[in-house]
Amino acid sequence: MYSGVRRAGEGFIYPLRPITVDPGDRVPPITTRAIYCEIMPLLIILAVGLWFVFGDPGKTTANWFWEKSAAPWESVDAFYYPDRTDLTIHQSRVNLDDVDACRIWVRSAAAAQGDVLLMRGDYECGVGKIENVYDLSVYRITVR
């Protein structure tokens with residue numbers, strides 16, 4: 001085997017001197033300090049980068065910290081059904097600030113229908129609209 005140097009403008013390696021390899025030579029082990037100080041930060045940066053490219057960091061973060069409510073960057077859509085046996089008839093309001101605003105709007109809509117205690121009607125609050133599939137809206141969570 002030869003070690004070599006590539007000369008400018010040349011496409012091949014020019015041999016300089018032979019390399020002698022002793023079979024007893026071992027590759028020095030990688031120290032624990034090198035792993036934690038040099039390799040681990042690169043692996044963490046790579047993992048976070050892959051999460052941003054292939055994952056959904058906004059949705060995942062919202063699921064971690066706001067399981068049953070809206071994250072600060074999410075909007076809430078309210079749906080009120082005056083007759084709980086016929087869910088095809090409904091009233092809706094979109095882009096509310098939080099789940100409490102949804103509940104307040106639903107109570108006012110129910111009061112306008114004469115159902116103050118929501119005995120005949122029903123409602124749901126869709127948090128964090130993800131996508132529309134034909135006429136259906138898909139939300140991160142739906143709460144009452």
# chains A, B, ... in the order shown; residues from 1 in each chain; ligands from 1
>>> residues_around(residues="Gly126 (chain A)", least_positions_apart="4", cutoff="8 Å", atoms="only C-alpha atoms", output="list in words")
Val76, Asp77, Ala78, Phe79, Tyr139, Arg140, Ile141, Thr142 and Val143 of chain A
>>> residues_around(residues="region 121-125 of chain A", least_positions_apart="3", cutoff="9 Å", atoms="only C-alpha atoms", output="VMD selection string")
chain A and resid 76 to 85 87 90 99 102 to 103 106 110 115 117 to 118 141 to 144
>>> select_by_dssp(residues="region 64-139 of chain A", states="alpha helix (DSSP H)", output="PDB file with C-alpha atoms, in the first residue's frame")
ATOM      1  CA  TRP A  64     -47.220  16.861  25.107  1.00  0.00           C
ATOM      2  CA  PHE A  65     -48.210  20.045  26.917  1.00  0.00           C
ATOM      3  CA  VAL A  99     -61.941  25.867  24.552  1.00  0.00           C
ATOM      4  CA  ASP A 100     -63.591  28.147  27.131  1.00  0.00           C
ATOM      5  CA  ALA A 101     -64.593  30.572  24.356  1.00  0.00           C
ATOM      6  CA  CYS A 102     -66.074  27.592  22.507  1.00  0.00           C
ATOM      7  CA  ARG A 103     -68.142  26.573  25.527  1.00  0.00           C
ATOM      8  CA  ILE A 104     -69.371  30.149  26.035  1.00  0.00           C
ATOM      9  CA  TRP A 105     -70.440  30.394  22.394  1.00  0.00           C
ATOM     10  CA  VAL A 106     -72.213  27.021  22.550  1.00  0.00           C
ATOM     11  CA  ARG A 107     -74.125  28.027  25.691  1.00  0.00           C
ATOM     12  CA  SER A 108     -75.275  31.250  24.025  1.00  0.00           C
ATOM     13  CA  ALA A 109     -76.332  29.350  20.870  1.00  0.00           C
ATOM     14  CA  ALA A 110     -78.206  26.805  23.005  1.00  0.00           C
ATOM     15  CA  ALA A 111     -79.910  29.595  24.964  1.00  0.00           C
ATOM     16  CA  ALA A 112     -81.035  31.162  21.679  1.00  0.00           C
TER      17      ALA A 112
END
